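Below: target_14.cif (mmCIF, C-alpha atoms)
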data_model
#
loop_
_atom_site.label_atom_id
_atom_site.label_comp_id
_atom_site.auth_asym_id
_atom_site.auth_seq_id
_atom_site.Cartn_x
_atom_site.Cartn_y
_atom_site.Cartn_z
CA MET K 1 22.18 -33.33 41.01
CA SER K 2 21.76 -36.17 38.58
CA GLU K 3 21.02 -38.73 41.30
CA ARG K 4 17.86 -38.44 43.35
CA THR K 5 18.64 -38.34 47.06
CA ARG K 6 16.27 -39.60 49.69
CA LEU K 7 16.07 -37.09 52.56
CA PRO K 8 13.95 -36.78 55.69
CA PRO K 9 11.21 -34.15 55.14
CA GLN K 10 12.58 -31.67 57.67
CA LEU K 11 16.09 -31.79 56.24
CA ALA K 12 14.76 -31.24 52.71
CA LEU K 13 12.78 -28.19 53.87
CA ASN K 14 15.79 -26.81 55.73
CA ARG K 15 17.93 -27.06 52.60
CA PHE K 16 15.26 -25.30 50.54
CA LEU K 17 14.84 -22.48 53.10
CA ASP K 18 18.61 -22.09 53.42
CA ALA K 19 18.84 -21.55 49.68
CA VAL K 20 16.05 -18.91 49.79
CA ARG K 21 17.65 -17.16 52.78
CA ASP K 22 21.11 -17.12 51.19
CA GLU K 23 19.77 -15.70 47.94
CA ALA K 24 17.73 -13.05 49.77
CA ALA K 25 20.83 -12.00 51.71
CA THR K 26 22.88 -11.38 48.58
CA ASN K 27 20.26 -10.38 45.99
CA PRO K 28 18.41 -7.15 46.88
CA GLY K 29 15.93 -7.56 44.03
CA PHE K 30 14.93 -11.04 45.15
CA ARG K 31 14.72 -9.80 48.74
CA GLY K 32 12.43 -6.98 47.63
CA ARG K 33 10.11 -9.41 45.82
CA LEU K 34 9.89 -11.66 48.88
CA LEU K 35 9.09 -8.71 51.14
CA GLU K 36 6.46 -7.44 48.75
CA ALA K 37 4.88 -10.88 48.64
CA LEU K 38 4.68 -10.91 52.44
CA ALA K 39 2.37 -7.86 52.23
CA ILE K 40 3.23 -6.65 55.70
CA GLU K 41 4.62 -3.35 56.93
CA ILE K 42 8.39 -3.43 56.47
CA TYR K 43 10.66 -0.71 57.72
CA ILE K 44 13.02 0.06 54.85
CA GLU K 45 16.22 1.95 55.59
CA GLY K 46 19.68 2.30 54.17
CA GLU K 47 20.60 3.13 50.58
CA GLU K 48 21.00 -0.48 49.47
CA GLU K 49 17.60 -1.55 50.84
CA ILE K 50 15.77 1.46 49.41
CA SER K 51 17.47 1.23 46.01
CA ALA K 52 16.33 -2.40 45.73
CA VAL K 53 12.66 -1.47 46.17
CA ASP K 54 10.50 -1.03 43.07
CA PRO K 55 9.27 2.60 43.35
CA ILE K 56 6.22 1.85 41.22
CA GLY K 57 5.16 -0.97 43.53
CA LEU K 58 5.84 1.22 46.55
CA ALA K 59 3.79 4.11 45.12
CA ARG K 60 0.93 1.69 44.53
CA SER K 61 0.99 0.05 47.95
CA LYS K 62 2.01 2.83 50.33
CA SER K 63 0.76 6.30 51.21
CA GLU K 64 2.44 9.37 49.75
CA ALA K 65 3.82 10.22 53.20
CA THR K 66 5.41 6.78 53.57
CA PHE K 67 6.78 6.91 50.03
CA ARG K 68 8.37 10.31 50.67
CA ARG K 69 9.73 9.23 54.05
CA VAL K 70 11.45 6.23 52.49
CA TYR K 71 13.04 8.14 49.61
CA SER K 72 13.99 11.18 51.67
CA GLN K 73 16.69 8.95 53.17
CA LEU K 74 18.51 8.91 49.82
CA ASN K 75 20.77 11.67 48.56
CA ALA K 76 20.22 13.30 45.14
CA THR K 77 22.70 11.01 43.36
CA ALA K 78 20.97 7.87 44.60
CA LEU K 79 17.54 9.32 43.73
CA ARG K 80 18.71 9.99 40.16
CA ALA K 81 19.86 6.38 39.92
CA VAL K 82 16.47 5.12 41.12
CA LEU K 83 14.65 7.27 38.53
CA ARG K 84 16.91 6.16 35.69
CA ASP K 85 16.95 2.47 36.65
CA ALA K 86 13.15 2.43 36.68
CA ASP K 87 13.00 4.25 33.28
CA LEU K 88 11.09 7.07 34.92
CA ALA K 89 13.38 9.86 33.71
CA THR K 90 15.94 10.71 31.08
CA ALA K 91 19.30 12.34 31.82
CA THR K 92 17.81 15.58 30.49
CA ASP K 93 14.90 15.36 32.93
CA LEU K 94 17.31 14.94 35.84
CA LYS K 95 19.55 17.88 35.04
CA GLY K 96 19.48 20.67 37.65
CA GLN K 97 16.91 18.96 39.88
CA THR K 98 17.13 19.33 43.66
CA LYS K 99 16.57 16.45 46.08
CA ALA K 100 13.05 17.74 46.82
CA SER K 101 12.12 18.02 43.13
CA LEU K 102 13.57 14.55 42.45
CA ILE K 103 11.32 13.06 45.14
CA ASP K 104 8.34 14.94 43.65
CA MET K 105 9.21 13.55 40.21
CA LEU K 106 9.68 10.03 41.58
CA TRP K 107 6.31 10.10 43.33
CA SER K 108 4.29 11.57 40.45
CA ARG K 109 5.86 9.40 37.75
CA SER K 110 5.70 6.22 39.84
CA ARG K 111 2.00 6.85 40.43
CA SER K 112 1.44 7.51 36.71
CA ARG K 113 3.31 4.36 35.71
CA ALA K 114 1.32 2.30 38.22
CA ALA K 115 -1.87 3.69 36.69
CA GLU K 116 -0.62 2.87 33.17
CA ARG K 117 -0.03 -0.70 34.24
CA GLY K 118 -3.51 -0.94 35.69
CA LEU K 119 -2.11 -1.33 39.20
CA GLU K 120 -4.28 1.36 40.77
CA MET E 1 14.63 23.00 0.68
CA VAL E 2 11.12 21.58 0.59
CA ALA E 3 8.77 24.23 -0.78
CA VAL E 4 5.34 22.62 -0.44
CA THR E 5 3.92 19.87 1.74
CA ILE E 6 5.42 16.50 0.92
CA TYR E 7 3.56 13.34 1.86
CA LEU E 8 5.87 10.47 2.74
CA SER E 9 4.76 6.94 3.62
CA ILE E 10 6.96 4.70 5.76
CA ALA E 11 5.65 1.38 4.56
CA ASN E 12 6.42 -2.27 4.04
CA MET E 13 4.24 -5.33 4.41
CA LYS E 14 6.52 -7.05 6.90
CA GLY E 15 6.13 -6.28 10.58
CA GLY E 16 9.02 -5.67 12.95
CA VAL E 17 11.33 -4.09 10.39
CA GLY E 18 11.43 -0.71 12.14
CA LYS E 19 8.74 1.33 10.38
CA SER E 20 7.55 3.20 13.47
CA THR E 21 11.06 3.81 14.74
CA THR E 22 12.06 5.13 11.33
CA ALA E 23 9.03 7.44 11.30
CA MET E 24 9.99 8.83 14.71
CA MET E 25 13.67 9.19 13.75
CA LEU E 26 12.75 11.07 10.60
CA ALA E 27 10.35 13.37 12.45
CA ASP E 28 13.08 14.16 14.98
CA THR E 29 15.92 14.78 12.56
CA LEU E 30 13.87 16.63 9.93
CA SER E 31 12.53 18.99 12.59
CA ALA E 32 15.73 19.40 14.61
CA HIS E 33 18.30 19.55 11.82
CA HIS E 34 16.34 20.73 8.77
CA ARG E 35 13.80 23.15 10.29
CA GLN E 36 10.95 21.14 8.87
CA ARG E 37 7.49 21.32 10.40
CA VAL E 38 6.57 17.66 10.53
CA LEU E 39 3.23 15.96 11.04
CA VAL E 40 3.30 12.24 11.79
CA VAL E 41 0.06 10.39 11.07
CA ASP E 42 0.11 7.07 12.93
CA CYS E 43 -1.87 4.71 10.71
CA ASP E 44 -0.90 1.63 12.72
CA ALA E 45 -3.23 0.18 15.36
CA GLN E 46 -0.16 -1.05 17.24
CA ALA E 47 0.26 2.64 18.15
CA ASN E 48 4.01 2.25 18.67
CA CYS E 49 4.86 5.57 17.08
CA SER E 50 2.17 7.33 19.14
CA GLN E 51 3.51 5.82 22.34
CA MET E 52 7.10 6.72 21.47
CA ILE E 53 6.21 10.33 20.69
CA LEU E 54 3.55 11.05 23.30
CA GLY E 55 4.30 8.47 25.99
CA SER E 56 1.58 6.21 27.36
CA GLN E 57 0.06 8.96 29.46
CA GLY E 58 0.02 11.43 26.59
CA LEU E 59 -1.62 8.87 24.33
CA ARG E 60 -4.28 8.11 26.94
CA ALA E 61 -4.93 11.85 27.30
CA ALA E 62 -5.39 12.17 23.53
CA ALA E 63 -7.74 9.20 23.52
CA GLY E 64 -9.67 10.71 26.43
CA GLN E 65 -10.22 13.83 24.34
CA ARG E 66 -11.22 11.73 21.31
CA ALA E 67 -8.30 13.35 19.45
CA THR E 68 -6.93 10.35 17.53
CA LEU E 69 -7.09 8.83 14.08
CA THR E 70 -9.28 6.11 15.59
CA HIS E 71 -11.93 8.62 16.67
CA TRP E 72 -11.70 10.44 13.34
CA LEU E 73 -12.44 7.19 11.54
CA GLU E 74 -15.16 6.14 13.99
CA ASP E 75 -16.90 9.47 13.38
CA ILE E 76 -16.68 8.92 9.62
CA VAL E 77 -18.31 5.52 10.03
CA GLU E 78 -21.04 6.80 12.34
CA LYS E 79 -21.65 10.35 11.12
CA GLY E 80 -20.18 10.47 7.64
CA SER E 81 -17.35 12.89 8.53
CA GLY E 82 -14.62 13.33 11.12
CA ASP E 83 -12.53 16.17 12.56
CA PHE E 84 -8.99 15.46 11.33
CA PHE E 85 -7.74 18.92 12.33
CA GLY E 86 -8.91 18.31 15.90
CA ALA E 87 -6.97 15.05 16.07
CA VAL E 88 -3.61 16.77 15.56
CA ARG E 89 -1.49 17.00 18.72
CA PRO E 90 0.83 19.97 18.10
CA CYS E 91 4.24 20.47 19.71
CA ALA E 92 4.57 16.77 20.46
CA SER E 93 8.34 16.49 20.08
CA GLY E 94 10.19 15.01 23.04
CA LEU E 95 13.49 16.59 21.97
CA GLU E 96 14.99 19.00 24.48
CA GLU E 97 16.49 21.15 21.71
CA ILE E 98 13.04 21.76 20.22
CA ARG E 99 11.45 22.40 23.61
CA ILE E 100 14.06 25.08 24.34
CA ASN E 101 13.57 26.61 20.92
CA ARG E 102 9.81 26.58 21.37
CA SER E 103 10.02 28.44 24.67
CA SER E 104 12.49 31.08 23.40
CA SER E 105 10.58 33.34 21.07
CA GLY E 106 12.28 34.80 18.04
CA ALA E 107 14.65 31.89 17.44
CA PRO E 108 13.11 29.91 14.59
CA GLY E 109 16.01 27.49 14.39
CA PHE E 110 13.93 24.34 14.34
CA GLY E 111 10.62 23.06 13.14
CA ASP E 112 8.45 20.97 15.40
CA VAL E 113 6.65 17.66 15.41
CA ALA E 114 2.90 17.21 15.52
CA LEU E 115 1.14 13.88 15.70
CA VAL E 116 -2.19 12.36 14.81
CA PRO E 117 -2.06 9.41 17.20
CA ALA E 118 -3.56 5.97 16.82
CA THR E 119 -5.01 3.63 19.40
CA PRO E 120 -5.43 -0.17 19.26
CA GLU E 121 -9.11 0.27 18.38
CA LEU E 122 -8.10 1.77 15.03
CA ARG E 123 -8.16 -1.67 13.42
CA PHE E 124 -11.81 -2.17 14.41
CA ALA E 125 -12.81 1.29 13.18
CA GLU E 126 -11.11 0.40 9.90
CA LEU E 127 -12.99 -2.91 9.71
CA ALA E 128 -16.28 -1.09 10.29
CA PHE E 129 -15.36 1.35 7.53
CA ASP E 130 -14.46 -1.52 5.20
CA HIS E 131 -17.78 -3.26 5.83
CA LYS E 132 -19.74 -0.06 5.34
CA SER E 133 -18.07 0.87 2.07
CA PHE E 134 -17.81 -2.62 0.63
CA ASP E 135 -19.06 -2.93 -2.93
CA LYS E 136 -18.72 -6.32 -4.60
CA ARG E 137 -18.68 -4.69 -8.05
CA ASP E 138 -15.79 -2.38 -7.10
CA SER E 139 -13.13 -3.76 -4.77
CA SER E 140 -11.29 -0.43 -4.75
CA ARG E 141 -14.22 1.44 -3.20
CA PRO E 142 -13.10 1.31 0.49
CA ARG E 143 -9.63 2.67 -0.26
CA GLN E 144 -10.95 5.31 -2.67
CA GLN E 145 -13.48 6.51 -0.13
CA LEU E 146 -10.98 6.52 2.73
CA HIS E 147 -8.47 8.32 0.52
CA ALA E 148 -11.08 11.00 -0.18
CA HIS E 149 -11.72 11.45 3.56
CA LEU E 150 -7.98 11.55 4.26
CA CYS E 151 -7.43 14.20 1.59
CA GLN E 152 -10.25 16.25 3.02
CA GLY E 153 -8.67 15.99 6.45
CA LEU E 154 -5.19 16.88 5.23
CA SER E 155 -6.58 19.82 3.28
CA SER E 156 -7.99 21.20 6.53
CA LEU E 157 -4.39 21.69 7.69
CA GLY E 158 -3.59 24.00 4.78
CA SER E 159 0.11 24.12 3.98
CA PHE E 160 1.25 24.47 7.58
CA TYR E 161 3.39 21.33 7.54
CA ASP E 162 6.44 20.86 5.33
CA VAL E 163 6.41 17.07 5.60
CA VAL E 164 3.59 14.70 6.50
CA ILE E 165 4.84 11.23 7.46
CA PHE E 166 2.40 8.32 7.37
CA ASP E 167 3.55 5.50 9.65
CA CYS E 168 1.84 2.62 7.84
CA PRO E 169 0.93 -0.66 9.52
CA PRO E 170 2.27 -4.03 8.38
CA GLY E 171 0.20 -5.76 5.73
CA PHE E 172 -1.75 -3.73 3.21
CA THR E 173 -4.74 -2.36 5.10
CA THR E 174 -7.23 0.15 3.75
CA ILE E 175 -5.67 2.98 5.75
CA ALA E 176 -2.23 2.06 4.44
CA GLN E 177 -3.57 2.05 0.89
CA ALA E 178 -5.22 5.46 1.36
CA ALA E 179 -1.97 6.87 2.77
CA LEU E 180 0.08 5.39 -0.07
CA ILE E 181 -2.26 6.85 -2.70
CA ALA E 182 -1.88 10.26 -1.01
CA SER E 183 1.92 10.04 -0.84
CA ASN E 184 4.54 11.61 -3.08
CA ALA E 185 7.20 9.25 -1.83
CA VAL E 186 7.71 5.99 0.04
CA ILE E 187 10.53 4.76 2.26
CA SER E 188 10.49 1.03 3.02
CA PRO E 189 12.57 -0.06 6.01
CA ILE E 190 13.78 -3.63 5.73
CA ASN E 191 16.17 -5.90 7.61
CA GLU E 192 19.07 -7.76 6.07
CA ASP E 193 17.27 -11.06 5.66
CA PRO E 194 15.77 -12.81 2.62
CA VAL E 195 12.16 -12.75 3.89
CA SER E 196 12.33 -8.97 4.29
CA LEU E 197 13.28 -8.71 0.63
CA TRP E 198 10.55 -11.17 -0.36
CA SER E 199 8.01 -9.02 1.49
CA LEU E 200 9.38 -5.88 -0.15
CA VAL E 201 9.02 -7.32 -3.63
CA ALA E 202 5.44 -8.40 -2.86
CA PHE E 203 4.71 -4.93 -1.50
CA ARG E 204 5.90 -3.36 -4.74
CA ASP E 205 4.53 -5.88 -7.24
CA PHE E 206 1.18 -6.81 -5.72
CA GLY E 207 0.59 -3.69 -3.64
CA LEU E 208 1.97 -0.53 -5.21
CA THR E 209 2.00 -1.70 -8.84
CA ARG E 210 -0.92 -4.09 -9.33
CA THR E 211 -3.34 -2.81 -6.68
CA LEU E 212 -2.63 0.92 -6.60
CA ASP E 213 -0.94 1.40 -9.98
CA LYS E 214 1.45 3.76 -8.28
CA TRP E 215 5.00 2.42 -8.07
CA GLU E 216 7.79 4.56 -9.42
CA ALA E 217 11.43 3.72 -8.69
CA ASN E 218 12.43 7.35 -8.25
CA ALA E 219 9.79 7.93 -5.58
CA HIS E 220 10.66 4.83 -3.54
CA ARG E 221 13.69 4.20 -1.35
CA VAL E 222 14.74 1.22 0.73
CA LEU E 223 16.33 1.73 4.15
CA PHE E 224 18.18 -1.06 5.93
CA THR E 225 17.44 -0.99 9.66
CA LYS E 226 18.49 -2.99 12.72
CA VAL E 227 21.76 -3.68 10.94
CA ASN E 228 24.00 -5.94 12.98
CA SER E 229 27.48 -5.97 11.50
CA ALA E 230 28.52 -9.12 13.40
CA GLY E 231 28.52 -12.35 11.40
CA ALA E 232 26.76 -13.64 8.28
CA ALA E 233 28.48 -10.98 6.19
CA ALA E 234 28.11 -12.88 2.93
CA ALA E 235 24.40 -13.56 3.45
CA ARG E 236 23.75 -9.94 4.36
CA ALA E 237 25.72 -8.69 1.35
CA LYS E 238 23.66 -10.96 -0.88
CA VAL E 239 20.40 -9.44 0.41
CA ARG E 240 21.69 -5.97 -0.43
CA SER E 241 22.81 -7.12 -3.84
CA ASP E 242 19.42 -8.75 -4.45
CA VAL E 243 17.63 -5.54 -3.46
CA ARG E 244 19.58 -3.68 -6.14
CA SER E 245 19.02 -6.42 -8.70
CA ALA E 246 15.28 -6.29 -8.03
CA GLY E 247 15.26 -2.68 -9.20
CA PHE E 248 15.06 -0.85 -5.89
CA ASN E 249 16.98 2.26 -4.93
CA MET E 250 18.50 2.34 -1.46
CA LEU E 251 19.09 5.31 0.78
CA PRO E 252 22.85 5.80 1.22
CA VAL E 253 22.62 5.18 4.96
CA HIS E 254 21.60 2.37 7.29
CA ILE E 255 20.50 2.29 10.90
CA ARG E 256 22.40 -0.06 13.15
CA HIS E 257 20.88 -2.28 15.79
CA VAL E 258 21.35 -0.45 19.10
CA SER E 259 20.19 -1.13 22.64
CA GLN E 260 18.61 2.34 22.78
CA ALA E 261 15.81 0.92 20.66
CA VAL E 262 14.46 -0.76 23.76
CA LYS E 263 14.07 2.61 25.47
CA TRP E 264 12.52 4.28 22.42
CA VAL E 265 9.45 2.18 23.01
CA GLN E 266 8.39 4.31 25.92
CA ARG E 267 8.82 7.98 26.66
CA PRO E 268 9.27 7.96 30.46
CA ALA E 269 6.52 10.54 30.99
CA ALA E 270 4.48 12.97 28.93
CA ASP E 271 6.63 15.82 30.29
CA SER E 272 9.90 13.96 29.77
CA TYR E 273 12.51 15.21 27.30
CA SER E 274 15.80 13.94 25.85
CA THR E 275 18.50 15.61 23.83
CA PHE E 276 18.99 14.20 20.34
CA ALA E 277 22.37 12.76 21.39
CA GLU E 278 20.93 11.16 24.51
CA LYS E 279 17.96 9.69 22.68
CA TYR E 280 19.87 8.10 19.83
CA GLY E 281 23.24 7.42 21.47
CA PRO E 282 25.66 5.62 19.14
CA ALA E 283 23.13 5.79 16.26
CA ARG E 284 22.79 9.58 16.37
CA GLN E 285 25.06 10.24 13.40
CA GLU E 286 23.22 7.63 11.35
CA VAL E 287 19.85 9.16 12.24
CA GLN E 288 21.14 12.59 11.26
CA ALA E 289 22.50 11.14 8.01
CA LEU E 290 19.08 9.57 7.41
CA GLY E 291 17.55 13.03 7.66
CA GLN E 292 20.04 14.45 5.16
CA ALA E 293 19.55 11.55 2.74
CA THR E 294 15.77 11.85 3.02
CA MET E 295 15.85 15.59 2.31
CA GLU E 296 17.92 14.90 -0.81
CA PHE E 297 15.54 12.12 -1.83
CA LEU E 298 12.45 14.30 -1.32
CA ALA E 299 14.04 17.19 -3.22
CA GLY E 300 14.19 14.93 -6.27
CA VAL E 301 10.58 13.79 -6.02
CA ASN E 302 8.14 15.34 -8.44
CA VAL E 303 5.87 16.89 -5.82
CA GLN E 304 3.42 18.62 -8.13
CA GLY E 305 3.11 15.69 -10.45
CA GLU E 306 2.80 12.94 -7.88
CA ALA E 307 0.87 14.51 -5.04
CA ASN E 308 -2.60 13.10 -4.74
CA VAL E 309 -4.00 15.23 -1.92
#
Rewrite the structure of this file - the entire thing - as structure tokens.
Amino acid sequence: MSERTRLPPQLALNRFLDAVRDEAATNPGFRGRLLEALAIEIYIEGEEEISAVDPIGLARSKSEATFRRVYSQLNATALRAVLRDADLATATDLKGQTKASLIDMLWSRSRSRAAERGLE
Amino acid sequence: MVAVTIYLSIANMKGGVGKSTTAMMLADTLSAHHRQRVLVVDCDAQANCSQMILGSQGLRAAAGQRATLTHWLEDIVEKGSGDFFGAVRPCASGLEEIRINRSSSGAPGFGDVALVPATPELRFAELAFDHKSFDKRDSSRPRQQLHAHLCQGLSSLGSFYDVVIFDCPPGFTTIAQAALIASNAVISPINEDPVSLWSLVAFRDFGLTRTLDKWEANAHRVLFTKVNSAGAAAARAKVRSDVRSAGFNMLPVHIRHVSQAVKWVQRPAADSYSTFAEKYGPARQEVQALGQATMEFLAGVNVQGEANV
């Protein structure tokens, strides 16, 4: 990369977009940020896709029904991981919780955190 | 066993040495392991201790109800008196063990933690108080007046609390001075670096001794925090040696640098709880030892003779 290469404009753009596409394909967090920036309705499904979404951003931008529909696709173990990864719950908080109560907790705490951050 | 209310300041002029974290650790271990009823008074406008104990939402709720040290002081500035009793948030502990004990009647195994929270506006309320009580013939007037108000507020609590912990801000603000005058004992957290020691010496010589005429070696302990045992062993040993040479007594425990500290900054939610082991992780035994060492330290403090409340 030390030498500057002269490229036709279209080839330069293609290389740049290839790099973005490759990163988005392998990095769920980066993919999530790109999708959020697009600000269009995206159908999220599958544990990997859902786990990569920021629940606080989703609670801010989507209705409660959509939020619950998305997270109801996860099992209780995956929901616990989402809550812990987002620092929305301690291990003590998660003990003995059912899938339904975990989704309730995820919704209410994501909304509260969004409000704390002034994202409402 | 502590027989009467002890007033303990966690204070040092240097910021970032772990004062608020130490205050929270002490509140947790003294309540959970020594049955002490603890009141933490957050005197720091950074409000770190308040956020750690109440969570952001809990702190906002307290501010919404005007139940903070900030509002107490604003009322003093505007009306001449404030409701300190009303600013106390009882049962504020986020420890699961204490929550369980609280809900099961007839099992007085633990104390509890209450908090008088601070908000960022505290510094401006303090400035307004300073301006109002300024007297060019008597530079001690602001701290003496604020100390009198603080004593009045603490008296309104009776002897309900075994230990009152003042989490003092960095520097040497009027609130910090009032808290230090009211205290029987002081613990100064410092890090293992030469500037921390420099700050500690200034705190003692210029602050406690020259300004407040209050320093006594037996009522003051130094606590090393954020200890990282990797590297620079000789330099760190020299700081400890210099602390001793400067005439300070150290608590026989230190708190290591642990990644959990990042999570202590925010309680996940106002209704979130952690067990002691979960909250402190690899540092839990050190935090418990800090509680034991502090109880032994406070037992040796001349409470009747030194108390200024």
Q: Check which residues satisfy the PyMOL selection byres ((chain K) within 8 of (chain E)) in the file shown, then give them as an NGL selection string.
A: :K and (87-93 or 109 or 112 or 116)
Put those residues in a file: C-alpha atoms, as a tab-separated table (two decimals), keeping the file's coordinate frame.
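File written: result36.tsv
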chain	number	residue	atom	x	y	z
K	87	ASP	CA	13.00	4.25	33.28
K	88	LEU	CA	11.09	7.07	34.92
K	89	ALA	CA	13.38	9.86	33.71
K	90	THR	CA	15.94	10.71	31.08
K	91	ALA	CA	19.30	12.34	31.82
K	92	THR	CA	17.81	15.58	30.49
K	93	ASP	CA	14.90	15.36	32.93
K	109	ARG	CA	5.86	9.40	37.75
K	112	SER	CA	1.44	7.51	36.71
K	116	GLU	CA	-0.62	2.87	33.17
Q) Counting all atoms listed in the file, what is within 10 Å of segment 25-31 of chain K, bar same-chain residues fewer than 6 positions away, as a list in words? A)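 The neighbour list is Ala19, Ala37, Glu48, Glu49, Ile50, Ser51, Ala52, Val53 and Asp54 of chain K.
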For the residues in that selection, give me C-alpha atoms as a CSV table (one decimal), in the frame of the given file.
chain,number,residue,atom,x,y,z
K,19,ALA,CA,18.8,-21.6,49.7
K,37,ALA,CA,4.9,-10.9,48.6
K,48,GLU,CA,21.0,-0.5,49.5
K,49,GLU,CA,17.6,-1.6,50.8
K,50,ILE,CA,15.8,1.5,49.4
K,51,SER,CA,17.5,1.2,46.0
K,52,ALA,CA,16.3,-2.4,45.7
K,53,VAL,CA,12.7,-1.5,46.2
K,54,ASP,CA,10.5,-1.0,43.1
Q) Written as a ChimeraX atom specification, what is the full residue list that the PyMOL selection byres ((chain E and resi 99) around 12) yields on the file shown? A) /K:92 /E:31-32,91-98,100-105,107-113,271-276
Q. In Å to one decimal, how far is atom CA of Gly291 of chain E from atom CA of Ile53 of chain E?
A.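 The value is 17.5 Å.
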Q: Would you work out the distance separating atom CA of Lys95 of chain K from atom CA of Arg117 of chain K, expressed in Å to one decimal?
A: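 Atom CA of Lys95 of chain K sits 27.0 Å away from atom CA of Arg117 of chain K.
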Q) Which residues fall under the PyMOL selection byres ((chain K and resi 99) around 12) in this file, as a PyMOL selection string? A) chain K and resi 68+71-80+94-98+100-106
Q: Considering all atoms listed in the file, return as an NGL selection string whatever protein or nucleic-acid residues lie within 9 Å of Asp130 of chain E, sequence-local ones (same chain, fewer than 4 positions apart) excluded.
A: :E and (125-126 or 134 or 141-143 or 174)
Q. Could you pull the residues within 12 Å of His254 of chain E, counting all atoms listed in the file, minus those fewer than 2 positions along the same chain, as a count of residues only?
A. 33
Will you give me segment 126-138 of chain E, written with N, CA and C atoms and laid out as a tab-separated table (two decimals), in the first residue's frame?
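Here's the written file result_18.tsv:
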chain	number	residue	atom	x	y	z
E	126	GLU	N	-22.98	24.37	45.19
E	126	GLU	CA	-21.89	24.64	46.12
E	126	GLU	C	-21.26	26.01	45.85
E	127	LEU	N	-21.10	26.34	44.56
E	127	LEU	CA	-20.56	27.65	44.21
E	127	LEU	C	-21.48	28.77	44.71
E	128	ALA	N	-22.79	28.57	44.53
E	128	ALA	CA	-23.76	29.57	44.99
E	128	ALA	C	-23.66	29.73	46.50
E	129	PHE	N	-23.50	28.59	47.18
E	129	PHE	CA	-23.37	28.64	48.65
E	129	PHE	C	-22.09	29.39	49.03
E	130	ASP	N	-21.00	29.09	48.33
E	130	ASP	CA	-19.72	29.76	48.61
E	130	ASP	C	-19.85	31.27	48.44
E	131	HIS	N	-20.49	31.68	47.36
E	131	HIS	CA	-20.62	33.12	47.08
E	131	HIS	C	-21.48	33.79	48.15
E	132	LYS	N	-22.53	33.08	48.55
E	132	LYS	CA	-23.45	33.67	49.53
E	132	LYS	C	-22.80	33.79	50.90
E	133	SER	N	-21.97	32.82	51.26
E	133	SER	CA	-21.40	32.86	52.62
E	133	SER	C	-19.99	33.45	52.67
E	134	PHE	N	-19.54	33.95	51.53
E	134	PHE	CA	-18.17	34.50	51.51
E	134	PHE	C	-18.04	35.69	52.46
E	135	ASP	N	-16.93	35.69	53.18
E	135	ASP	CA	-16.62	36.80	54.09
E	135	ASP	C	-15.11	37.04	53.99
E	136	LYS	N	-14.73	38.19	53.46
E	136	LYS	CA	-13.29	38.39	53.21
E	136	LYS	C	-12.49	38.49	54.51
E	137	ARG	N	-13.17	38.70	55.63
E	137	ARG	CA	-12.44	38.76	56.91
E	137	ARG	C	-12.28	37.37	57.53
E	138	ASP	N	-13.06	36.40	57.01
E	138	ASP	CA	-13.01	35.05	57.59
E	138	ASP	C	-13.15	34.02	56.48
